Amino acid sequence: MGTFHNDKGELHGITVVVDTDGPEVFVGRCHEVTPVGVVLLDVDVHSAEAGAGDDQRASKDAWVRRAARFGVWGRHRHLVVPSERVASICRLGDVAVE
Amino acid sequence: MPYSPMLVKPMREELTSAGVEELLTPADVDRWMGQREGTALLIVNSVCGCAAGAARPGVRAALQGPARPDRVATVFAGQDVEATAKARAYFADIPPSSPSMALYKDGELVYFVPRHRIEGRSAQEVAADLTQAFERCVAETAASR
């Protein structure tokens, strides 16, 4: 059984991890991927500003692993991650759980 | 806003016809959660086609195995709002999502399946995960007695 909005793309309704090339990583339910950006619903965001380089990566990875186990609190009802900031998108369900 | 009861009815019956008890009020939830002994599965059902369409048949398939939990119940997110809120209060540290499933052993939460672990997966895959959790939980319960 698919979604009621099949025109929105394969990630519509799927909880995704949107990583950026900066300190922030987002987890939320994908509504749509557009040329402007990734439209997310019920979003939480982690900012690894305290560290840089490997520390920043480790901080993001640890936060995503926690999110993969139980999910995230929807701290933002609606949020758009601009396309130019998106480094990668993957399904949260594909992230290995510890 | 809740969906039409006519739309939701078959989604309810997909579980209740497999012997899953429906908890419609907060009092129902408290009564069910108050029985702590043994193994128990609580399913947060939902209309969501992205995940619930695999969750319900996955649950049905898993419940046909030999390691079925002692008690199985469901609340319906977005429909039975107060009952769902009460159920979620029993695992308040976990972000709410639906569908989702919580497996208890003697009143303790031992396994949780959030919505994102159901999205994009087949009913067979959901059933396989649940069956594995049931078998582990039932075996541990038997060993402790």
# chains A, B, ... in the order shown; residues from 1 in each chain; ligands from 1
call {"tool": "residues_around", "arguments": {"residues": "Ala85 in chain B", "least_positions_apart": "2", "cutoff": "12 Å", "atoms": "only C-alpha atoms", "output": "ChimeraX atom specification"}}
result
/B:23-27,29-30,44,75-83,87-92,95-98
call {"tool": "write_last_selection", "arguments": {"atoms": "N, CA and C atoms", "output": "PDB file, in the first residue's frame"}}
result
ATOM      1  N   LEU B  23      -8.131  -0.546  22.666  1.00  0.00           N
ATOM      2  CA  LEU B  23      -8.223   0.301  23.849  1.00  0.00           C
ATOM      3  C   LEU B  23      -8.733   1.669  23.403  1.00  0.00           C
ATOM      4  N   LEU B  24      -9.946   1.976  23.764  1.00  0.00           N
ATOM      5  CA  LEU B  24     -10.602   3.163  23.216  1.00  0.00           C
ATOM      6  C   LEU B  24     -10.575   4.367  24.141  1.00  0.00           C
ATOM      7  N   THR B  25     -10.282   4.138  25.408  1.00  0.00           N
ATOM      8  CA  THR B  25     -10.301   5.234  26.377  1.00  0.00           C
ATOM      9  C   THR B  25      -9.045   5.176  27.245  1.00  0.00           C
ATOM     10  N   PRO B  26      -8.707   6.287  27.900  1.00  0.00           N
ATOM     11  CA  PRO B  26      -7.575   6.252  28.838  1.00  0.00           C
ATOM     12  C   PRO B  26      -7.764   5.195  29.930  1.00  0.00           C
ATOM     13  N   ALA B  27      -8.996   5.004  30.361  1.00  0.00           N
ATOM     14  CA  ALA B  27      -9.246   3.988  31.391  1.00  0.00           C
ATOM     15  C   ALA B  27      -8.929   2.589  30.864  1.00  0.00           C
ATOM     16  N   VAL B  29      -6.668   1.917  28.681  1.00  0.00           N
ATOM     17  CA  VAL B  29      -5.206   1.822  28.634  1.00  0.00           C
ATOM     18  C   VAL B  29      -4.643   1.545  30.022  1.00  0.00           C
ATOM     19  N   ASP B  30      -5.123   2.279  31.007  1.00  0.00           N
ATOM     20  CA  ASP B  30      -4.629   2.086  32.376  1.00  0.00           C
ATOM     21  C   ASP B  30      -4.923   0.664  32.863  1.00  0.00           C
ATOM     22  N   VAL B  44       0.477   1.063  18.276  1.00  0.00           N
ATOM     23  CA  VAL B  44      -0.124   2.363  17.971  1.00  0.00           C
ATOM     24  C   VAL B  44      -0.460   2.333  16.479  1.00  0.00           C
ATOM     25  N   VAL B  75      -4.068   1.034  20.246  1.00  0.00           N
ATOM     26  CA  VAL B  75      -4.743   2.328  20.262  1.00  0.00           C
ATOM     27  C   VAL B  75      -4.607   2.898  18.858  1.00  0.00           C
ATOM     28  N   PHE B  76      -5.509   3.806  18.503  1.00  0.00           N
ATOM     29  CA  PHE B  76      -5.489   4.337  17.143  1.00  0.00           C
ATOM     30  C   PHE B  76      -5.141   5.825  17.179  1.00  0.00           C
ATOM     31  N   ALA B  77      -3.931   6.151  16.728  1.00  0.00           N
ATOM     32  CA  ALA B  77      -3.475   7.545  16.728  1.00  0.00           C
ATOM     33  C   ALA B  77      -4.319   8.384  15.787  1.00  0.00           C
ATOM     34  N   GLY B  78      -4.661   9.581  16.235  1.00  0.00           N
ATOM     35  CA  GLY B  78      -5.451  10.489  15.418  1.00  0.00           C
ATOM     36  C   GLY B  78      -6.941  10.191  15.443  1.00  0.00           C
ATOM     37  N   GLN B  79      -7.310   9.076  16.036  1.00  0.00           N
ATOM     38  CA  GLN B  79      -8.723   8.690  16.115  1.00  0.00           C
ATOM     39  C   GLN B  79      -9.159   8.651  17.581  1.00  0.00           C
ATOM     40  N   ASP B  80      -8.536   7.758  18.325  1.00  0.00           N
ATOM     41  CA  ASP B  80      -8.819   7.663  19.756  1.00  0.00           C
ATOM     42  C   ASP B  80      -7.726   8.463  20.467  1.00  0.00           C
ATOM     43  N   VAL B  81      -7.885   9.766  20.413  1.00  0.00           N
ATOM     44  CA  VAL B  81      -6.792  10.680  20.760  1.00  0.00           C
ATOM     45  C   VAL B  81      -6.399  10.557  22.234  1.00  0.00           C
ATOM     46  N   GLU B  82      -7.398  10.522  23.112  1.00  0.00           N
ATOM     47  CA  GLU B  82      -7.082  10.487  24.539  1.00  0.00           C
ATOM     48  C   GLU B  82      -6.455   9.155  24.927  1.00  0.00           C
ATOM     49  N   ALA B  83      -6.951   8.087  24.366  1.00  0.00           N
ATOM     50  CA  ALA B  83      -6.375   6.769  24.664  1.00  0.00           C
ATOM     51  C   ALA B  83      -4.931   6.690  24.166  1.00  0.00           C
ATOM     52  N   ALA B  87      -1.579   6.071  26.334  1.00  0.00           N
ATOM     53  CA  ALA B  87      -0.651   4.976  26.023  1.00  0.00           C
ATOM     54  C   ALA B  87       0.768   5.512  25.878  1.00  0.00           C
ATOM     55  N   ARG B  88       0.903   6.647  25.179  1.00  0.00           N
ATOM     56  CA  ARG B  88       2.243   7.207  24.971  1.00  0.00           C
ATOM     57  C   ARG B  88       2.864   7.691  26.273  1.00  0.00           C
ATOM     58  N   ALA B  89       2.025   8.024  27.228  1.00  0.00           N
ATOM     59  CA  ALA B  89       2.553   8.464  28.518  1.00  0.00           C
ATOM     60  C   ALA B  89       3.309   7.338  29.212  1.00  0.00           C
ATOM     61  N   TYR B  90       3.038   6.107  28.841  1.00  0.00           N
ATOM     62  CA  TYR B  90       3.745   4.966  29.439  1.00  0.00           C
ATOM     63  C   TYR B  90       5.138   4.781  28.832  1.00  0.00           C
ATOM     64  N   PHE B  91       5.408   5.419  27.708  1.00  0.00           N
ATOM     65  CA  PHE B  91       6.786   5.441  27.174  1.00  0.00           C
ATOM     66  C   PHE B  91       7.114   6.880  26.755  1.00  0.00           C
ATOM     67  N   ALA B  92       7.010   7.743  27.757  1.00  0.00           N
ATOM     68  CA  ALA B  92       7.082   9.186  27.505  1.00  0.00           C
ATOM     69  C   ALA B  92       8.463   9.652  27.065  1.00  0.00           C
ATOM     70  N   PRO B  95      10.055   9.613  21.501  1.00  0.00           N
ATOM     71  CA  PRO B  95       9.262  10.542  20.673  1.00  0.00           C
ATOM     72  C   PRO B  95       8.053   9.836  20.059  1.00  0.00           C
ATOM     73  N   PRO B  96       6.908  10.499  20.053  1.00  0.00           N
ATOM     74  CA  PRO B  96       5.714   9.848  19.506  1.00  0.00           C
ATOM     75  C   PRO B  96       5.820   9.643  17.999  1.00  0.00           C
ATOM     76  N   SER B  97       5.407   8.463  17.555  1.00  0.00           N
ATOM     77  CA  SER B  97       5.310   8.207  16.118  1.00  0.00           C
ATOM     78  C   SER B  97       4.243   7.137  15.921  1.00  0.00           C
ATOM     79  N   SER B  98       3.667   7.143  14.756  1.00  0.00           N
ATOM     80  CA  SER B  98       2.674   6.115  14.468  1.00  0.00           C
ATOM     81  C   SER B  98       2.724   5.774  12.981  1.00  0.00           C
TER      82      SER B  98
END
call {"tool": "residues_around", "arguments": {"residues": "Asp61 in chain A", "least_positions_apart": "2", "cutoff": "12 Å", "atoms": "only C-alpha atoms", "output": "list of chain:residue names"}}
result
A:Val17, A:Asp19, A:Pro23, A:Glu24, A:Val25, A:Phe26, A:His46, A:Ser47, A:Ala48, A:Asp54, A:Asp55, A:Gln56, A:Arg57, A:Ala58, A:Ser59, A:Trp63, A:Val64, A:Arg65, A:Arg66, A:Ala67, A:Ala68, A:Leu92, A:Val95, A:Ala96, A:Val97, A:Glu98
call {"tool": "interface_residues", "arguments": {"of": "chain B", "to": "chain A", "cutoff": "10 Å", "atoms": "only C-alpha atoms", "output": "VMD selection string"}}
result
chain B and resid 48 to 54 93 to 97 112 to 122
call {"tool": "write_last_selection", "arguments": {"atoms": "N, CA and C atoms", "output": "PDB file, in the first residue's frame"}}
result
ATOM      1  N   CYS B  48      -1.740   6.245   8.320  1.00  0.00           N
ATOM      2  CA  CYS B  48      -0.591   6.458   7.439  1.00  0.00           C
ATOM      3  C   CYS B  48      -0.345   5.324   6.455  1.00  0.00           C
ATOM      4  N   GLY B  49      -0.481   5.635   5.171  1.00  0.00           N
ATOM      5  CA  GLY B  49      -0.269   4.608   4.160  1.00  0.00           C
ATOM      6  C   GLY B  49       1.182   4.250   3.964  1.00  0.00           C
ATOM      7  N   CYS B  50       2.095   5.162   4.343  1.00  0.00           N
ATOM      8  CA  CYS B  50       3.521   4.916   4.125  1.00  0.00           C
ATOM      9  C   CYS B  50       4.040   3.795   5.009  1.00  0.00           C
ATOM     10  N   ALA B  51       3.448   3.622   6.164  1.00  0.00           N
ATOM     11  CA  ALA B  51       3.992   2.656   7.113  1.00  0.00           C
ATOM     12  C   ALA B  51       2.941   1.693   7.658  1.00  0.00           C
ATOM     13  N   ALA B  52       1.754   2.206   7.967  1.00  0.00           N
ATOM     14  CA  ALA B  52       0.760   1.345   8.610  1.00  0.00           C
ATOM     15  C   ALA B  52       0.290   0.242   7.673  1.00  0.00           C
ATOM     16  N   GLY B  53       0.376   0.503   6.376  1.00  0.00           N
ATOM     17  CA  GLY B  53      -0.031  -0.513   5.407  1.00  0.00           C
ATOM     18  C   GLY B  53       0.830  -1.756   5.478  1.00  0.00           C
ATOM     19  N   ALA B  54       2.058  -1.619   5.988  1.00  0.00           N
ATOM     20  CA  ALA B  54       2.917  -2.787   6.200  1.00  0.00           C
ATOM     21  C   ALA B  54       2.858  -3.239   7.654  1.00  0.00           C
ATOM     22  N   ASP B  93       9.488   8.858  27.303  1.00  0.00           N
ATOM     23  CA  ASP B  93      10.836   9.258  26.879  1.00  0.00           C
ATOM     24  C   ASP B  93      11.057   9.045  25.385  1.00  0.00           C
ATOM     25  N   ILE B  94      10.145   8.348  24.754  1.00  0.00           N
ATOM     26  CA  ILE B  94      10.303   8.027  23.336  1.00  0.00           C
ATOM     27  C   ILE B  94       9.451   8.986  22.503  1.00  0.00           C
ATOM     28  N   PRO B  95      10.055   9.613  21.501  1.00  0.00           N
ATOM     29  CA  PRO B  95       9.262  10.542  20.673  1.00  0.00           C
ATOM     30  C   PRO B  95       8.053   9.836  20.059  1.00  0.00           C
ATOM     31  N   PRO B  96       6.908  10.499  20.053  1.00  0.00           N
ATOM     32  CA  PRO B  96       5.714   9.848  19.506  1.00  0.00           C
ATOM     33  C   PRO B  96       5.820   9.643  17.999  1.00  0.00           C
ATOM     34  N   SER B  97       5.407   8.463  17.555  1.00  0.00           N
ATOM     35  CA  SER B  97       5.310   8.207  16.118  1.00  0.00           C
ATOM     36  C   SER B  97       4.243   7.137  15.921  1.00  0.00           C
ATOM     37  N   PHE B 112      11.098  -1.665  21.157  1.00  0.00           N
ATOM     38  CA  PHE B 112      10.231  -0.637  20.594  1.00  0.00           C
ATOM     39  C   PHE B 112      10.508  -0.502  19.100  1.00  0.00           C
ATOM     40  N   VAL B 113       9.444  -0.441  18.343  1.00  0.00           N
ATOM     41  CA  VAL B 113       9.564  -0.247  16.888  1.00  0.00           C
ATOM     42  C   VAL B 113       8.949   1.105  16.551  1.00  0.00           C
ATOM     43  N   PRO B 114       9.794   2.110  16.287  1.00  0.00           N
ATOM     44  CA  PRO B 114       9.238   3.400  15.871  1.00  0.00           C
ATOM     45  C   PRO B 114       8.820   3.367  14.411  1.00  0.00           C
ATOM     46  N   ARG B 115       8.077   4.352  14.023  1.00  0.00           N
ATOM     47  CA  ARG B 115       7.551   4.413  12.658  1.00  0.00           C
ATOM     48  C   ARG B 115       8.633   4.301  11.588  1.00  0.00           C
ATOM     49  N   HIS B 116       9.771   4.950  11.820  1.00  0.00           N
ATOM     50  CA  HIS B 116      10.773   4.965  10.746  1.00  0.00           C
ATOM     51  C   HIS B 116      11.405   3.601  10.515  1.00  0.00           C
ATOM     52  N   ARG B 117      11.192   2.658  11.445  1.00  0.00           N
ATOM     53  CA  ARG B 117      11.679   1.287  11.249  1.00  0.00           C
ATOM     54  C   ARG B 117      10.650   0.445  10.483  1.00  0.00           C
ATOM     55  N   ILE B 118       9.524   1.051  10.162  1.00  0.00           N
ATOM     56  CA  ILE B 118       8.475   0.363   9.400  1.00  0.00           C
ATOM     57  C   ILE B 118       8.385   0.931   7.986  1.00  0.00           C
ATOM     58  N   GLU B 119       8.611   2.231   7.866  1.00  0.00           N
ATOM     59  CA  GLU B 119       8.494   2.907   6.572  1.00  0.00           C
ATOM     60  C   GLU B 119       9.342   2.221   5.505  1.00  0.00           C
ATOM     61  N   GLY B 120       8.725   1.996   4.366  1.00  0.00           N
ATOM     62  CA  GLY B 120       9.469   1.466   3.233  1.00  0.00           C
ATOM     63  C   GLY B 120       9.809  -0.005   3.332  1.00  0.00           C
ATOM     64  N   ARG B 121       9.339  -0.654   4.389  1.00  0.00           N
ATOM     65  CA  ARG B 121       9.637  -2.082   4.545  1.00  0.00           C
ATOM     66  C   ARG B 121       8.372  -2.882   4.249  1.00  0.00           C
ATOM     67  N   SER B 122       8.571  -4.141   3.933  1.00  0.00           N
ATOM     68  CA  SER B 122       7.436  -5.000   3.616  1.00  0.00           C
ATOM     69  C   SER B 122       6.833  -5.555   4.907  1.00  0.00           C
TER      70      SER B 122
END
call {"tool": "atom_distance", "arguments": {"atom1": "CA of Lys105 in chain B", "atom2": "CA of Ser144 in chain B"}}
result
11.1 Å
call {"tool": "residues_around", "arguments": {"residues": "Leu42 in chain B", "least_positions_apart": "4", "cutoff": "8 Å", "atoms": "only C-alpha atoms", "output": "PDB file with C-alpha atoms, in the first residue's frame"}}
result
ATOM      1  CA  VAL B  72      -1.880  -7.719  22.529  1.00  0.00           C
ATOM      2  CA  ALA B  73      -3.706  -4.419  22.348  1.00  0.00           C
ATOM      3  CA  THR B  74      -3.944  -1.351  20.135  1.00  0.00           C
ATOM      4  CA  VAL B  75      -4.743   2.328  20.262  1.00  0.00           C
ATOM      5  CA  MET B 101       4.877  -0.880  18.663  1.00  0.00           C
ATOM      6  CA  ALA B 102       5.990  -1.440  22.233  1.00  0.00           C
ATOM      7  CA  LEU B 103       6.775  -4.865  23.661  1.00  0.00           C
TER       8      LEU B 103
END
call {"tool": "select_by_dssp", "arguments": {"residues": "chain A", "states": "alpha helix (DSSP H)", "output": "list in words"}}
result
Asp54, Asp55, Gln56, Arg57, Ala58, Ser59, Lys60, Asp61, Ala62, Trp63, Val64, Arg65, Arg66, Ala67, Ala68, Arg69 and Phe70 of chain A
call {"tool": "select_by_dssp", "arguments": {"residues": "chain A", "states": "strand (DSSP E or B)", "output": "PyMOL selection string"}}
result
chain A and resi 15-20+24-33+37-47+76-82+86-91
call {"tool": "atom_distance", "arguments": {"atom1": "CA of Asp129 in chain B", "atom2": "CA of Asn45 in chain B"}}
result
17.3 Å
call {"tool": "decode", "arguments": {"residues": "range 27-62 of chain A", "atoms": "N, CA and C atoms", "output": "PDB file, in the first residue's frame"}}
result
ATOM      1  N   VAL A  27      16.657  15.654  10.931  1.00  0.00           N
ATOM      2  CA  VAL A  27      15.854  14.436  10.792  1.00  0.00           C
ATOM      3  C   VAL A  27      14.390  14.850  10.808  1.00  0.00           C
ATOM      4  N   GLY A  28      13.656  14.405   9.804  1.00  0.00           N
ATOM      5  CA  GLY A  28      12.240  14.737   9.741  1.00  0.00           C
ATOM      6  C   GLY A  28      11.545  13.906   8.678  1.00  0.00           C
ATOM      7  N   ARG A  29      10.260  14.032   8.627  1.00  0.00           N
ATOM      8  CA  ARG A  29       9.472  13.296   7.641  1.00  0.00           C
ATOM      9  C   ARG A  29       9.483  14.078   6.334  1.00  0.00           C
ATOM     10  N   CYS A  30       9.989  13.456   5.297  1.00  0.00           N
ATOM     11  CA  CYS A  30      10.119  14.147   4.021  1.00  0.00           C
ATOM     12  C   CYS A  30       8.741  14.353   3.400  1.00  0.00           C
ATOM     13  N   HIS A  31       8.467  15.603   3.053  1.00  0.00           N
ATOM     14  CA  HIS A  31       7.233  15.884   2.323  1.00  0.00           C
ATOM     15  C   HIS A  31       7.509  15.877   0.829  1.00  0.00           C
ATOM     16  N   GLU A  32       8.641  16.510   0.480  1.00  0.00           N
ATOM     17  CA  GLU A  32       8.919  16.651  -0.945  1.00  0.00           C
ATOM     18  C   GLU A  32      10.368  17.095  -1.129  1.00  0.00           C
ATOM     19  N   VAL A  33      10.964  16.618  -2.191  1.00  0.00           N
ATOM     20  CA  VAL A  33      12.285  17.118  -2.587  1.00  0.00           C
ATOM     21  C   VAL A  33      12.071  17.967  -3.839  1.00  0.00           C
ATOM     22  N   THR A  34      12.382  19.253  -3.727  1.00  0.00           N
ATOM     23  CA  THR A  34      12.157  20.176  -4.843  1.00  0.00           C
ATOM     24  C   THR A  34      13.499  20.807  -5.238  1.00  0.00           C
ATOM     25  N   PRO A  35      13.538  21.497  -6.360  1.00  0.00           N
ATOM     26  CA  PRO A  35      14.782  22.188  -6.721  1.00  0.00           C
ATOM     27  C   PRO A  35      15.200  23.229  -5.682  1.00  0.00           C
ATOM     28  N   VAL A  36      14.240  23.724  -4.941  1.00  0.00           N
ATOM     29  CA  VAL A  36      14.542  24.741  -3.926  1.00  0.00           C
ATOM     30  C   VAL A  36      15.156  24.117  -2.680  1.00  0.00           C
ATOM     31  N   GLY A  37      14.649  22.936  -2.310  1.00  0.00           N
ATOM     32  CA  GLY A  37      15.163  22.311  -1.105  1.00  0.00           C
ATOM     33  C   GLY A  37      14.349  21.100  -0.705  1.00  0.00           C
ATOM     34  N   VAL A  38      14.732  20.540   0.425  1.00  0.00           N
ATOM     35  CA  VAL A  38      14.029  19.376   0.965  1.00  0.00           C
ATOM     36  C   VAL A  38      13.017  19.876   1.983  1.00  0.00           C
ATOM     37  N   VAL A  39      11.758  19.591   1.726  1.00  0.00           N
ATOM     38  CA  VAL A  39      10.686  20.031   2.612  1.00  0.00           C
ATOM     39  C   VAL A  39      10.438  18.940   3.642  1.00  0.00           C
ATOM     40  N   LEU A  40      10.658  19.301   4.909  1.00  0.00           N
ATOM     41  CA  LEU A  40      10.523  18.336   5.999  1.00  0.00           C
ATOM     42  C   LEU A  40       9.402  18.738   6.951  1.00  0.00           C
ATOM     43  N   LEU A  41       8.774  17.731   7.538  1.00  0.00           N
ATOM     44  CA  LEU A  41       7.746  17.942   8.558  1.00  0.00           C
ATOM     45  C   LEU A  41       8.200  17.273   9.853  1.00  0.00           C
ATOM     46  N   ASP A  42       7.758  17.836  10.974  1.00  0.00           N
ATOM     47  CA  ASP A  42       8.070  17.272  12.297  1.00  0.00           C
ATOM     48  C   ASP A  42       9.564  17.001  12.421  1.00  0.00           C
ATOM     49  N   VAL A  43      10.307  18.070  12.418  1.00  0.00           N
ATOM     50  CA  VAL A  43      11.761  18.012  12.246  1.00  0.00           C
ATOM     51  C   VAL A  43      12.500  18.284  13.560  1.00  0.00           C
ATOM     52  N   ASP A  44      13.593  17.586  13.740  1.00  0.00           N
ATOM     53  CA  ASP A  44      14.549  17.966  14.778  1.00  0.00           C
ATOM     54  C   ASP A  44      15.889  18.219  14.089  1.00  0.00           C
ATOM     55  N   VAL A  45      16.671  19.071  14.690  1.00  0.00           N
ATOM     56  CA  VAL A  45      17.952  19.435  14.089  1.00  0.00           C
ATOM     57  C   VAL A  45      19.036  19.368  15.155  1.00  0.00           C
ATOM     58  N   HIS A  46      20.179  18.867  14.742  1.00  0.00           N
ATOM     59  CA  HIS A  46      21.342  18.842  15.627  1.00  0.00           C
ATOM     60  C   HIS A  46      22.404  19.726  15.015  1.00  0.00           C
ATOM     61  N   SER A  47      22.989  20.573  15.844  1.00  0.00           N
ATOM     62  CA  SER A  47      24.069  21.418  15.372  1.00  0.00           C
ATOM     63  C   SER A  47      25.340  21.053  16.116  1.00  0.00           C
ATOM     64  N   ALA A  48      26.328  20.625  15.357  1.00  0.00           N
ATOM     65  CA  ALA A  48      27.593  20.174  15.948  1.00  0.00           C
ATOM     66  C   ALA A  48      28.597  21.319  15.974  1.00  0.00           C
ATOM     67  N   GLU A  49      28.136  22.476  16.353  1.00  0.00           N
ATOM     68  CA  GLU A  49      28.993  23.661  16.263  1.00  0.00           C
ATOM     69  C   GLU A  49      30.161  23.630  17.238  1.00  0.00           C
ATOM     70  N   ALA A  50      30.011  22.837  18.301  1.00  0.00           N
ATOM     71  CA  ALA A  50      31.070  22.830  19.311  1.00  0.00           C
ATOM     72  C   ALA A  50      32.382  22.272  18.757  1.00  0.00           C
ATOM     73  N   GLY A  51      32.279  21.362  17.800  1.00  0.00           N
ATOM     74  CA  GLY A  51      33.491  20.746  17.279  1.00  0.00           C
ATOM     75  C   GLY A  51      33.721  21.099  15.836  1.00  0.00           C
ATOM     76  N   ALA A  52      34.796  20.623  15.313  1.00  0.00           N
ATOM     77  CA  ALA A  52      35.096  20.819  13.896  1.00  0.00           C
ATOM     78  C   ALA A  52      35.759  19.553  13.380  1.00  0.00           C
ATOM     79  N   GLY A  53      35.728  19.374  12.065  1.00  0.00           N
ATOM     80  CA  GLY A  53      36.396  18.222  11.459  1.00  0.00           C
ATOM     81  C   GLY A  53      35.850  16.918  11.997  1.00  0.00           C
ATOM     82  N   ASP A  54      36.735  16.046  12.475  1.00  0.00           N
ATOM     83  CA  ASP A  54      36.336  14.724  12.951  1.00  0.00           C
ATOM     84  C   ASP A  54      35.348  14.822  14.110  1.00  0.00           C
ATOM     85  N   ASP A  55      35.548  15.805  14.980  1.00  0.00           N
ATOM     86  CA  ASP A  55      34.648  15.970  16.124  1.00  0.00           C
ATOM     87  C   ASP A  55      33.233  16.288  15.657  1.00  0.00           C
ATOM     88  N   GLN A  56      33.152  17.126  14.647  1.00  0.00           N
ATOM     89  CA  GLN A  56      31.835  17.490  14.116  1.00  0.00           C
ATOM     90  C   GLN A  56      31.153  16.270  13.511  1.00  0.00           C
ATOM     91  N   ARG A  57      31.911  15.485  12.779  1.00  0.00           N
ATOM     92  CA  ARG A  57      31.363  14.264  12.167  1.00  0.00           C
ATOM     93  C   ARG A  57      30.891  13.299  13.251  1.00  0.00           C
ATOM     94  N   ALA A  58      31.722  13.125  14.269  1.00  0.00           N
ATOM     95  CA  ALA A  58      31.385  12.192  15.357  1.00  0.00           C
ATOM     96  C   ALA A  58      30.139  12.652  16.097  1.00  0.00           C
ATOM     97  N   SER A  59      30.023  13.943  16.303  1.00  0.00           N
ATOM     98  CA  SER A  59      28.861  14.489  16.999  1.00  0.00           C
ATOM     99  C   SER A  59      27.591  14.253  16.190  1.00  0.00           C
ATOM    100  N   LYS A  60      27.676  14.494  14.901  1.00  0.00           N
ATOM    101  CA  LYS A  60      26.517  14.238  14.036  1.00  0.00           C
ATOM    102  C   LYS A  60      26.154  12.758  14.029  1.00  0.00           C
ATOM    103  N   ASP A  61      27.167  11.904  13.879  1.00  0.00           N
ATOM    104  CA  ASP A  61      26.910  10.460  13.802  1.00  0.00           C
ATOM    105  C   ASP A  61      26.252   9.946  15.081  1.00  0.00           C
ATOM    106  N   ALA A  62      26.737  10.416  16.209  1.00  0.00           N
ATOM    107  CA  ALA A  62      26.180   9.962  17.490  1.00  0.00           C
ATOM    108  C   ALA A  62      24.717  10.388  17.608  1.00  0.00           C
TER     109      ALA A  62
END
